[in-house]
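Participant: Supplied structure: data.cif, mmCIF, C-alpha atoms and all ligand atoms.
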data_coords
loop_
_atom_site.label_atom_id
_atom_site.label_comp_id
_atom_site.auth_asym_id
_atom_site.auth_seq_id
_atom_site.Cartn_x
_atom_site.Cartn_y
_atom_site.Cartn_z
CA MET A 47 6.16 14.49 -1.26
CA SER A 48 8.62 11.68 -1.71
CA ASP A 49 11.27 13.04 0.69
CA PHE A 50 8.90 12.74 3.65
CA PRO A 51 10.20 9.39 5.00
CA LYS A 52 13.72 10.89 5.06
CA ARG A 53 12.61 14.13 6.74
CA PHE A 54 10.66 12.10 9.24
CA ARG A 55 13.64 9.90 10.07
CA LYS A 56 15.70 13.05 10.74
CA ALA A 57 12.94 14.56 12.89
CA VAL A 58 12.81 11.42 15.05
CA ALA A 59 16.59 11.26 15.36
CA SER A 60 16.86 14.90 16.43
CA GLY A 61 13.89 14.77 18.81
CA GLN A 62 11.86 17.29 16.81
CA VAL A 63 8.34 17.73 18.26
CA LEU A 64 6.48 18.12 15.00
CA VAL A 65 7.08 17.40 11.33
CA LYS A 66 4.85 18.76 8.59
CA ALA A 67 3.75 16.18 6.05
CA ARG A 68 2.50 18.72 3.55
CA GLN A 69 3.75 21.99 2.15
CA ALA A 70 2.43 25.35 3.31
CA GLY A 71 -0.28 26.66 0.97
CA ASP A 72 -1.27 23.16 -0.04
CA ASN A 73 -4.01 23.08 2.60
CA LEU A 74 -6.07 25.94 1.25
CA ALA A 75 -6.05 24.67 -2.33
CA THR A 76 -6.96 21.18 -1.13
CA PHE A 77 -9.81 22.58 0.97
CA ALA A 78 -11.12 24.71 -1.92
CA ARG A 79 -11.02 21.81 -4.40
CA SER A 80 -12.70 19.46 -1.96
CA VAL A 81 -15.53 21.92 -1.25
CA ALA A 82 -16.01 22.54 -4.98
CA ALA A 83 -16.21 18.78 -5.64
CA GLY A 84 -18.80 18.28 -2.92
CA LEU A 85 -20.96 21.23 -3.89
CA SER A 86 -20.93 20.14 -7.56
CA ASP A 87 -22.36 16.77 -6.56
CA GLU A 88 -26.02 15.84 -6.14
CA PRO A 89 -26.89 15.52 -3.28
CA LYS A 90 -24.27 17.95 -2.01
CA TRP A 91 -21.65 16.97 0.56
CA LEU A 92 -18.58 18.43 2.27
CA HIS A 93 -15.66 16.31 3.41
CA CYS A 94 -15.60 15.79 7.20
CA ARG A 95 -11.81 16.10 7.43
CA PHE A 96 -12.16 19.90 7.27
CA LEU A 97 -14.30 20.00 10.42
CA TYR A 98 -11.08 19.95 12.41
CA ASP A 99 -9.51 23.40 12.24
CA ALA A 100 -8.31 24.83 15.61
CA GLN A 101 -11.86 25.81 16.60
CA GLY A 102 -13.33 22.52 15.33
CA SER A 103 -10.79 20.50 17.31
CA ARG A 104 -11.68 22.50 20.43
CA LEU A 105 -15.40 21.98 19.87
CA PHE A 106 -14.94 18.25 19.29
CA GLU A 107 -13.02 18.04 22.56
CA LEU A 108 -16.04 19.74 24.24
CA ILE A 109 -18.41 17.25 22.56
CA THR A 110 -16.51 14.40 24.19
CA HIS A 111 -17.41 15.89 27.60
CA GLN A 112 -21.15 16.09 26.89
CA PRO A 113 -23.22 13.59 28.90
CA GLU A 114 -25.02 12.34 25.76
CA TYR A 115 -21.80 11.63 23.87
CA TYR A 116 -21.02 8.21 25.39
CA PRO A 117 -18.27 6.87 23.02
CA THR A 118 -15.35 8.77 24.53
CA GLN A 119 -16.15 7.92 28.16
CA ILE A 120 -16.70 4.24 27.40
CA GLU A 121 -13.62 3.92 25.23
CA ALA A 122 -11.51 5.69 27.86
CA SER A 123 -12.75 3.35 30.57
CA ILE A 124 -11.95 0.28 28.45
CA LEU A 125 -8.46 1.68 27.86
CA ALA A 126 -8.03 2.52 31.55
CA SER A 127 -8.95 -0.97 32.71
CA ARG A 128 -7.44 -3.09 29.94
CA SER A 129 -4.22 -1.47 28.70
CA GLU A 130 -2.17 -4.08 30.58
CA GLU A 131 -3.98 -6.87 28.80
CA ILE A 132 -3.24 -5.22 25.46
CA ARG A 133 0.44 -4.82 26.30
CA GLU A 134 0.69 -8.44 27.44
CA ILE A 135 -0.34 -9.52 23.94
CA THR A 136 1.76 -7.05 21.94
CA GLY A 137 4.83 -6.68 24.12
CA PRO A 138 6.69 -3.33 24.21
CA ARG A 139 6.57 -1.39 20.95
CA THR A 140 6.34 2.01 19.30
CA LEU A 141 2.86 3.60 19.36
CA VAL A 142 1.62 5.39 16.23
CA GLU A 143 -1.73 7.14 16.52
CA LEU A 144 -3.93 8.24 13.63
CA GLY A 145 -6.14 11.29 14.36
CA SER A 146 -4.66 11.76 17.82
CA GLY A 147 -6.27 15.12 18.66
CA TYR A 148 -5.18 16.07 22.18
CA SER A 149 -4.08 12.45 22.92
CA VAL A 150 -6.18 12.39 26.11
CA LYS A 151 -7.40 8.76 25.98
CA THR A 152 -4.02 7.60 24.69
CA GLU A 153 -2.40 8.58 27.98
CA HIS A 154 -3.72 5.27 29.42
CA LEU A 155 -1.71 3.40 26.79
CA LEU A 156 1.30 5.70 27.20
CA ALA A 157 1.29 4.97 30.94
CA THR A 158 1.21 1.21 30.37
CA TYR A 159 3.68 1.08 27.47
CA SER A 160 6.22 3.40 29.13
CA ARG A 161 6.39 1.30 32.30
CA GLY A 162 9.73 -0.47 32.73
CA VAL A 163 11.25 0.84 29.50
CA SER A 164 13.88 3.59 29.22
CA ALA A 165 12.11 5.18 26.24
CA LEU A 166 8.80 4.87 24.41
CA ARG A 167 8.42 6.23 20.91
CA TYR A 168 5.04 7.89 20.28
CA ILE A 169 4.11 9.17 16.81
CA PRO A 170 0.75 10.99 16.81
CA VAL A 171 -0.69 12.00 13.44
CA ASP A 172 -3.20 14.83 13.17
CA VAL A 173 -4.33 17.52 10.71
CA SER A 174 -4.50 20.04 13.55
CA GLU A 175 -1.13 21.52 14.45
CA SER A 176 -2.52 23.22 17.56
CA ALA A 177 -3.91 19.91 18.87
CA LEU A 178 -0.52 18.22 18.35
CA LEU A 179 1.32 20.99 20.18
CA GLU A 180 -1.07 20.79 23.14
CA ALA A 181 -0.77 17.02 23.16
CA HIS A 182 3.00 17.42 23.28
CA SER A 183 2.97 19.68 26.32
CA SER A 184 0.70 17.34 28.22
CA VAL A 185 2.47 14.13 27.23
CA SER A 186 5.97 15.45 27.90
CA LEU A 187 4.85 16.68 31.32
CA ASN A 188 3.19 13.40 32.33
CA PHE A 189 5.55 10.95 30.62
CA PRO A 190 9.13 12.22 30.44
CA GLN A 191 10.33 8.94 28.91
CA VAL A 192 8.06 9.33 25.87
CA GLU A 193 9.84 10.38 22.67
CA PHE A 194 7.18 12.40 20.87
CA THR A 195 7.32 13.14 17.14
CA GLY A 196 4.02 14.45 15.77
CA ILE A 197 3.15 14.23 12.09
CA ASN A 198 1.06 17.21 11.05
CA GLY A 199 -0.97 15.90 8.14
CA ALA A 200 -3.69 13.52 6.97
CA TYR A 201 -3.60 9.88 8.15
CA ALA A 202 -2.24 8.65 4.85
CA SER A 203 0.79 10.93 5.14
CA ALA A 204 2.06 8.62 7.89
CA PHE A 205 1.72 5.40 5.92
CA PRO A 206 5.04 5.69 4.05
CA VAL A 207 6.97 5.83 7.35
CA LEU A 208 5.33 2.82 9.05
CA ARG A 209 7.94 0.46 7.71
CA GLN A 210 10.67 2.26 9.70
CA LEU A 211 8.68 2.04 12.95
CA SER A 212 8.35 -1.72 13.58
CA PRO A 213 7.75 -3.19 16.04
CA GLN A 214 4.75 -0.94 16.44
CA MET A 215 1.07 -0.72 17.25
CA VAL A 216 -0.99 1.69 15.17
CA ILE A 217 -3.87 3.17 17.19
CA PHE A 218 -7.07 4.46 15.63
CA LEU A 219 -9.55 5.40 18.34
CA GLY A 220 -12.92 7.09 18.71
CA SER A 221 -14.64 5.12 15.94
CA THR A 222 -13.18 7.60 13.48
CA ILE A 223 -13.16 4.72 10.97
CA GLY A 224 -16.96 5.23 11.02
CA ASN A 225 -16.49 8.56 9.26
CA PHE A 226 -15.27 6.78 6.11
CA ASN A 227 -17.70 5.65 3.44
CA GLU A 228 -17.32 2.22 1.84
CA ALA A 229 -14.82 3.26 -0.82
CA GLU A 230 -12.72 5.20 1.70
CA THR A 231 -12.81 2.26 4.12
CA THR A 232 -11.56 -0.16 1.49
CA ALA A 233 -8.83 2.24 0.39
CA PHE A 234 -7.84 2.81 4.03
CA TRP A 235 -7.44 -0.88 4.93
CA GLN A 236 -5.70 -1.73 1.68
CA SER A 237 -3.26 1.06 2.25
CA VAL A 238 -2.62 0.18 5.90
CA ALA A 239 -2.20 -3.49 4.98
CA GLY A 240 0.23 -2.51 2.23
CA HIS A 241 2.42 -0.47 4.59
CA LEU A 242 2.20 -2.32 7.90
CA PRO A 243 4.65 -5.22 8.21
CA ALA A 244 3.29 -8.61 9.28
CA GLY A 245 3.48 -9.05 13.05
CA ASP A 246 2.66 -5.40 13.77
CA PHE A 247 -0.52 -4.55 15.64
CA PHE A 248 -3.47 -2.22 15.07
CA LEU A 249 -5.79 -1.10 17.88
CA LEU A 250 -9.17 -0.05 16.49
CA GLY A 251 -11.97 1.67 18.43
CA VAL A 252 -15.47 1.15 17.02
CA ASP A 253 -18.89 2.35 18.09
CA LEU A 254 -21.50 -0.42 17.91
CA VAL A 255 -25.07 -0.46 16.56
CA LYS A 256 -27.54 0.34 19.35
CA ASP A 257 -30.86 1.96 20.17
CA VAL A 258 -31.69 4.86 17.84
CA ASP A 259 -32.58 7.22 20.72
CA VAL A 260 -29.18 6.78 22.32
CA LEU A 261 -27.45 7.36 18.98
CA GLU A 262 -29.43 10.44 18.01
CA ALA A 263 -29.03 11.98 21.46
CA ALA A 264 -25.25 11.58 21.20
CA TYR A 265 -25.23 13.78 18.09
CA ASN A 266 -27.81 16.28 19.34
CA ASP A 267 -26.49 17.24 22.78
CA ALA A 268 -28.70 19.52 24.83
CA ALA A 269 -25.96 22.13 25.24
CA GLY A 270 -25.78 22.51 21.45
CA ILE A 271 -22.04 21.88 21.15
CA THR A 272 -22.45 19.44 18.24
CA ALA A 273 -24.58 22.07 16.47
CA GLN A 274 -21.74 24.60 16.90
CA PHE A 275 -19.26 22.01 15.63
CA THR A 276 -21.35 21.49 12.47
CA LYS A 277 -21.87 25.22 11.87
CA ASN A 278 -18.16 25.86 12.34
CA TYR A 279 -17.73 24.24 8.91
CA ALA A 280 -19.55 27.21 7.36
CA THR A 281 -17.59 29.65 9.52
CA ARG A 282 -14.33 28.10 8.36
CA MET A 283 -15.45 28.31 4.72
CA ASN A 284 -16.28 31.98 5.20
CA ARG A 285 -12.91 32.72 6.75
CA GLU A 286 -10.68 30.63 4.50
CA LEU A 287 -12.60 30.49 1.22
CA GLY A 288 -14.51 33.80 1.43
CA SER A 289 -17.76 31.83 1.08
CA GLN A 290 -20.11 34.53 2.43
CA ILE A 291 -22.52 32.00 3.99
CA ASP A 292 -25.10 33.51 6.36
CA VAL A 293 -24.38 31.16 9.27
CA SER A 294 -27.49 32.37 11.14
CA LYS A 295 -29.55 30.68 8.39
CA VAL A 296 -27.96 27.24 8.66
CA GLU A 297 -28.82 24.53 11.14
CA HIS A 298 -27.33 21.31 12.41
CA VAL A 299 -29.26 18.09 11.62
CA ALA A 300 -28.18 14.64 12.79
CA ILE A 301 -30.32 11.56 12.10
CA TRP A 302 -29.92 7.77 12.14
CA ASN A 303 -30.08 6.00 8.78
CA PRO A 304 -31.26 2.48 9.64
CA ASP A 305 -30.56 1.01 6.19
CA LEU A 306 -26.92 2.09 6.10
CA GLU A 307 -26.56 1.84 9.92
CA ARG A 308 -24.97 5.24 10.23
CA MET A 309 -25.56 8.66 11.70
CA GLU A 310 -25.83 11.35 9.03
CA ILE A 311 -24.85 14.88 10.01
CA SER A 312 -25.81 17.74 7.72
CA LEU A 313 -25.85 21.48 7.38
CA HIS A 314 -29.46 22.39 6.71
CA PHE A 315 -29.99 25.63 4.76
CA SER A 316 -33.23 27.29 5.90
CA THR A 317 -32.99 29.84 3.05
CA ALA A 318 -31.50 29.73 -0.44
CA GLN A 319 -27.90 30.96 -0.45
CA HIS A 320 -24.95 31.50 -2.74
CA ILE A 321 -21.67 29.97 -1.65
CA TYR A 322 -18.53 31.55 -3.04
CA ILE A 323 -15.16 29.80 -3.33
CA GLU A 324 -12.80 32.70 -3.76
CA PRO A 325 -9.54 30.77 -4.51
CA LEU A 326 -11.28 29.09 -7.47
CA ASN A 327 -13.61 31.97 -8.31
CA LEU A 328 -16.63 29.65 -8.26
CA THR A 329 -20.16 30.19 -6.94
CA PHE A 330 -22.64 27.48 -5.98
CA LYS A 331 -26.33 27.87 -5.23
CA VAL A 332 -27.96 26.01 -2.34
CA ASP A 333 -31.76 25.84 -2.26
CA SER A 334 -33.97 26.66 0.68
CA GLY A 335 -34.45 23.45 2.69
CA GLU A 336 -31.40 21.75 1.17
CA HIS A 337 -29.24 19.45 3.29
CA VAL A 338 -25.50 19.29 2.73
CA LEU A 339 -24.04 16.10 4.23
CA ILE A 340 -20.88 16.93 6.19
CA GLU A 341 -20.23 13.74 8.13
CA ILE A 342 -21.33 10.14 8.38
CA SER A 343 -20.66 8.08 11.49
CA ARG A 344 -21.15 4.39 10.78
CA LYS A 345 -21.91 2.03 13.65
CA PHE A 346 -20.58 -1.51 13.60
CA ARG A 347 -21.43 -5.14 14.31
CA ILE A 348 -18.37 -6.99 15.61
CA SER A 349 -18.81 -10.29 13.75
CA LYS A 350 -19.32 -8.63 10.38
CA LEU A 351 -16.39 -6.28 10.95
CA ALA A 352 -14.03 -9.07 12.03
CA ALA A 353 -14.75 -11.02 8.85
CA GLU A 354 -14.12 -7.91 6.74
CA LEU A 355 -10.82 -7.19 8.50
CA ARG A 356 -9.63 -10.71 7.91
CA ARG A 357 -10.06 -10.22 4.17
CA PHE A 358 -7.81 -7.17 4.41
CA GLY A 359 -5.05 -9.15 6.17
CA PHE A 360 -5.82 -8.51 9.84
CA ASP A 361 -6.47 -11.11 12.49
CA VAL A 362 -8.61 -10.14 15.49
CA ARG A 363 -6.46 -11.06 18.50
CA ARG A 364 -8.72 -9.67 21.23
CA ILE A 365 -12.09 -7.94 21.50
CA LEU A 366 -12.45 -5.56 24.45
CA THR A 367 -15.89 -4.19 25.17
CA ASP A 368 -18.00 -2.62 27.93
CA LYS A 369 -20.84 -4.36 29.82
CA LYS A 370 -23.59 -2.83 27.66
CA GLU A 371 -21.62 -3.63 24.49
CA TRP A 372 -21.95 -0.08 23.26
CA PHE A 373 -18.34 0.29 22.16
CA ALA A 374 -15.47 -2.06 21.31
CA LEU A 375 -11.71 -2.01 20.96
CA LEU A 376 -10.39 -4.58 18.51
CA LEU A 377 -6.77 -5.59 18.82
CA LEU A 378 -5.70 -6.65 15.33
CA GLU A 379 -2.52 -8.27 14.14
CA ARG A 380 -1.29 -7.82 10.61
CA ILE A 381 -0.91 -11.32 9.26
CA ALA A 382 1.27 -12.31 6.34
CA ASP A 383 -0.64 -12.40 3.05
CA ALA A 384 -0.94 -15.62 1.12
CA VAL A 385 1.17 -13.94 -1.58
CA THR A 386 3.90 -12.90 0.85
CA THR A 387 3.91 -16.32 2.49
CA ARG A 388 4.21 -18.05 -0.87
CA ALA A 389 7.04 -15.75 -1.95
CA LEU A 390 8.89 -16.35 1.33
CA SER A 391 8.55 -20.13 1.19
CA ALA A 392 9.73 -20.10 -2.42
CA LEU A 393 12.83 -18.18 -1.26
CA THR A 394 13.60 -20.52 1.63
CA ALA A 395 13.06 -23.56 -0.60
CA LYS A 396 15.95 -22.46 -2.84
C1 LIG A 401 -14.74 11.73 14.73
C2 LIG A 401 -15.74 9.63 14.93
C3 LIG A 401 -14.91 10.70 16.79
O1 LIG A 401 -18.37 10.37 14.44
O2 LIG A 401 -18.71 10.23 16.58
C4 LIG A 401 -18.96 13.56 17.00
C5 LIG A 401 -17.16 12.90 15.26
N1 LIG A 401 -19.15 14.37 15.03
N2 LIG A 401 -20.04 14.34 16.96
C6 LIG A 401 -18.09 10.65 15.61
C7 LIG A 401 -18.39 13.57 15.76
C8 LIG A 401 -20.16 14.82 15.78
C9 LIG A 401 -16.91 11.58 15.89
N3 LIG A 401 -15.62 10.94 15.55
#
Written as structure tokens, how would this file's structure read?
Facilitator:
Amino acid sequence: MSDFPKRFRKAVASGQVLVKARQAGDNLATFARSVAAGLSDEPKWLHCRFLYDAQGSRLFELITHQPEYYPTQIEASILASRSEEIREITGPRTLVELGSGYSVKTEHLLATYSRGVSALRYIPVDVSESALLEAHSSVSLNFPQVEFTGINGAYASAFPVLRQLSPQMVIFLGSTIGNFNEAETTAFWQSVAGHLPAGDFFLLGVDLVKDVDVLEAAYNDAAGITAQFTKNYATRMNRELGSQIDVSKVEHVAIWNPDLERMEISLHFSTAQHIYIEPLNLTFKVDSGEHVLIEISRKFRISKLAAELRRFGFDVRRILTDKKEWFALLLLERIADAVTTRALSALTAK
């Protein structure tokens, strides 16, 4: 939708709380096509983006409170203790957040960045409208000087408006980058680099490679919340796509893949089932014992990641981590590309 940057500009100017980046009706067709693509593949997969309907967003929020799920607590404590240090490097600027959810951890940054300024612009981006609305009520209550304009859509829907938001810091927390496979990661950084002006910042939260027992426990909490979160995918398919999956015959499986250094989360079918996709009038068969991959969560090594980011046009300005080095926040600065620099010096030479 090419008019989005214009609609967004208007929404910001008029103090609108939420702007939709996609048209109504688009979501269901996108969901149906994505599911059909994944179930046609071998081995089968389902895209993790659709885990986050209203119920999925609620369940994920519950996951973050489970004792085994360490990333949220550690990341929040790094943010709580080191937001000042981040602001000292970046100076005051607009905050844009990809996959903001309920914006809980971000409140540490909002507190720091709203200090001493008359207004702070905050642009959270999330596929869940209900999460954005809840984030708005909490943020506007706690930080009256924050100007909140949520973008209800996929991350990429925000990219075309980044140019109008400088100076800014884009925030991408929770190691959500770990949910992207290699191709998606490359596409993501190329796209961000293409839209983010040089001199703007990017704050990236990444979960680090660690002991397999700690990792597997984090995705197999004793209370079974992660299992509910996984099974909610099937529930959502039943409700929105008329899939007719017997959810009592599917299980949550989460295991560490040491070769690819990632957690792999699957729906395990304990019996053979037919999965219907009503909007497309398609049926897929899943065998007894089959695993359908619904999410990967890659874990990172800082040195390797920093080198990769440099190739995409980002300089690592600061690495913030906890004592155990279980999680890290990387403060990146978008640096001018060789091409851009050459073009600019050619201009000034004239
Ligand atoms: C979306 C990256 C925050 O991969 O750790 C947590 C999602 N899935 N438990 C992650 C998730 C199951 C989570 N993030």
Participant: Considering only C-alpha atoms, give me a table of residues in segment 135-239 of chain A that are at most 12 Å from segment 285-307 of chain A, with the closest atom pair and distance in Å for each, as a Markdown table.
Facilitator:
| residue | atom | partner | partner_atom | distance |
| --- | --- | --- | --- | --- |
| A:Gly224 | CA | A:Glu307 | CA | 10.2 |
| A:Asn227 | CA | A:Leu306 | CA | 10.2 |
| A:Glu228 | CA | A:Leu306 | CA | 10.5 |
Participant: Excluding Ile348 of chain A and any residue of its chain fewer than 4 positions from it, enumerate the residues within 9 Å of it, using all atoms listed in the file, and give them as a short mmCIF file (atom, residue, chain, number, x, y, z; two decimals) with C-alpha atoms, keeping the file's coordinate frame.
Facilitator:
data_model
loop_
_atom_site.label_atom_id
_atom_site.label_comp_id
_atom_site.auth_asym_id
_atom_site.auth_seq_id
_atom_site.Cartn_x
_atom_site.Cartn_y
_atom_site.Cartn_z
CA VAL A 252 -15.47 1.15 17.02
CA LEU A 254 -21.50 -0.42 17.91
CA ALA A 352 -14.03 -9.07 12.03
CA ALA A 353 -14.75 -11.02 8.85
CA ILE A 365 -12.09 -7.94 21.50
CA ALA A 374 -15.47 -2.06 21.31
CA LEU A 376 -10.39 -4.58 18.51
#
Participant: Just checking: using all atoms listed in the file, which residue out of A:Cys94, A:Ile323, A:Val58, A:Val150 ends up closest to ligand LIG 401 (chain A)?
Facilitator: A:Cys94
Participant: Atom CA of Ser86 of chain A to atom CA of His320 of chain A: how many Å, to one decimal?
Facilitator: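 Atom-to-atom, atom CA of Ser86 of chain A to atom CA of His320 of chain A, that is 13.0 Å.
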Participant: Which neighbours of segment 255-268 of chain A fall inside 10 Å, counting all atoms listed in the file, when residues of the same chain fewer than 2 positions from it are skipped, and could you give them as a PyMOL selection string?
Facilitator: chain A and resi 109-110+112-117+252-253+270-273+298-304+307-311+343-348+370-373
Participant: So how many Å separate atom CA of Lys277 of chain A and atom CA of Ile321 of chain A, to one decimal?
Facilitator: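 The value is 14.3 Å.
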Participant: Which of these, A:Ser221, A:Ala202, A:Gln214, A:Val173, has the shortest distance to Gly240 of chain A once you count all atoms listed in the file?
Facilitator: A:Ala202
Participant: Kindly indicate which residue among A:Asn198, A:Asn284, A:Ser146, A:Ser127 lies nearest to Glu324 of chain A, using all atoms listed in the file for the distances.
Facilitator: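 Ranking A:Asn198, A:Asn284, A:Ser146, A:Ser127 by distance to Glu324 of chain A, first place goes to A:Asn284.
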Participant: List as an MDAnalysis selection string the protein and nucleic acid residues near segment 187-194 of chain A, meaning an atom at most 9 Å away when only C-alpha atoms are counted, but skip any in the same chain fewer than 3 places from it.
Facilitator: chainID A and resid 58 61:64 153 156:157 160 163:170 182:184
Participant: Keeping only C-alpha atoms, take the residues you just selected and write them out as a PDB file, keeping the file's coordinate frame.
Facilitator:
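Output file part36.pdb follows:
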ATOM      1  CA  VAL A  58      12.810  11.420  15.050  1.00  0.00           C
ATOM      2  CA  GLY A  61      13.890  14.770  18.810  1.00  0.00           C
ATOM      3  CA  GLN A  62      11.860  17.290  16.810  1.00  0.00           C
ATOM      4  CA  VAL A  63       8.340  17.730  18.260  1.00  0.00           C
ATOM      5  CA  LEU A  64       6.480  18.120  15.000  1.00  0.00           C
ATOM      6  CA  GLU A 153      -2.400   8.580  27.980  1.00  0.00           C
ATOM      7  CA  LEU A 156       1.300   5.700  27.200  1.00  0.00           C
ATOM      8  CA  ALA A 157       1.290   4.970  30.940  1.00  0.00           C
ATOM      9  CA  SER A 160       6.220   3.400  29.130  1.00  0.00           C
ATOM     10  CA  VAL A 163      11.250   0.840  29.500  1.00  0.00           C
ATOM     11  CA  SER A 164      13.880   3.590  29.220  1.00  0.00           C
ATOM     12  CA  ALA A 165      12.110   5.180  26.240  1.00  0.00           C
ATOM     13  CA  LEU A 166       8.800   4.870  24.410  1.00  0.00           C
ATOM     14  CA  ARG A 167       8.420   6.230  20.910  1.00  0.00           C
ATOM     15  CA  TYR A 168       5.040   7.890  20.280  1.00  0.00           C
ATOM     16  CA  ILE A 169       4.110   9.170  16.810  1.00  0.00           C
ATOM     17  CA  PRO A 170       0.750  10.990  16.810  1.00  0.00           C
ATOM     18  CA  HIS A 182       3.000  17.420  23.280  1.00  0.00           C
ATOM     19  CA  SER A 183       2.970  19.680  26.320  1.00  0.00           C
ATOM     20  CA  SER A 184       0.700  17.340  28.220  1.00  0.00           C
TER      21      SER A 184
END
Participant: Just checking: using all atoms listed in the file, which residue out of A:Gly251, A:Pro325, A:Gly220, A:Gly196 ends up closest to ligand LIG 401 (chain A)?
Facilitator: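 That would be A:Gly220, the residue with the smallest distance to ligand LIG 401 (chain A).
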Participant: When you look at Pro89 of chain A with a cut-off of 12 Å (counting all atoms listed in the file), what residues show up, excluding the ones that are within fewer than 3 positions of it in the same chain? I need them as a ChimeraX atom specification.
Facilitator: /A:83-86,92,312,332-333,336-340
Participant: Between atom CA of Phe205 of chain A and atom CA of Leu242 of chain A, what distance in Å does the model show, to one decimal?
Facilitator: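 Answer for the atom CA of Phe205 of chain A to atom CA of Leu242 of chain A separation: 8.0 Å.
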Participant: Starting from the point (-1.9, -7.0, 26.8), work out which residues of protein, DNA or RNA have an atom no more than 12 Å away when counting all atoms listed in the file; state them as number ranges by chain.
Facilitator: A: 125, 127-139, 155, 158-159, 215, 247, 249, 363-366, 377
Participant: Given all atoms listed in the file as the basis, pick out the residue of A:Val81, A:Leu208, A:Leu144, A:Leu108 nearest to His93 of chain A.
Facilitator: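 The shortest atom-to-atom distance to His93 of chain A comes from A:Val81.
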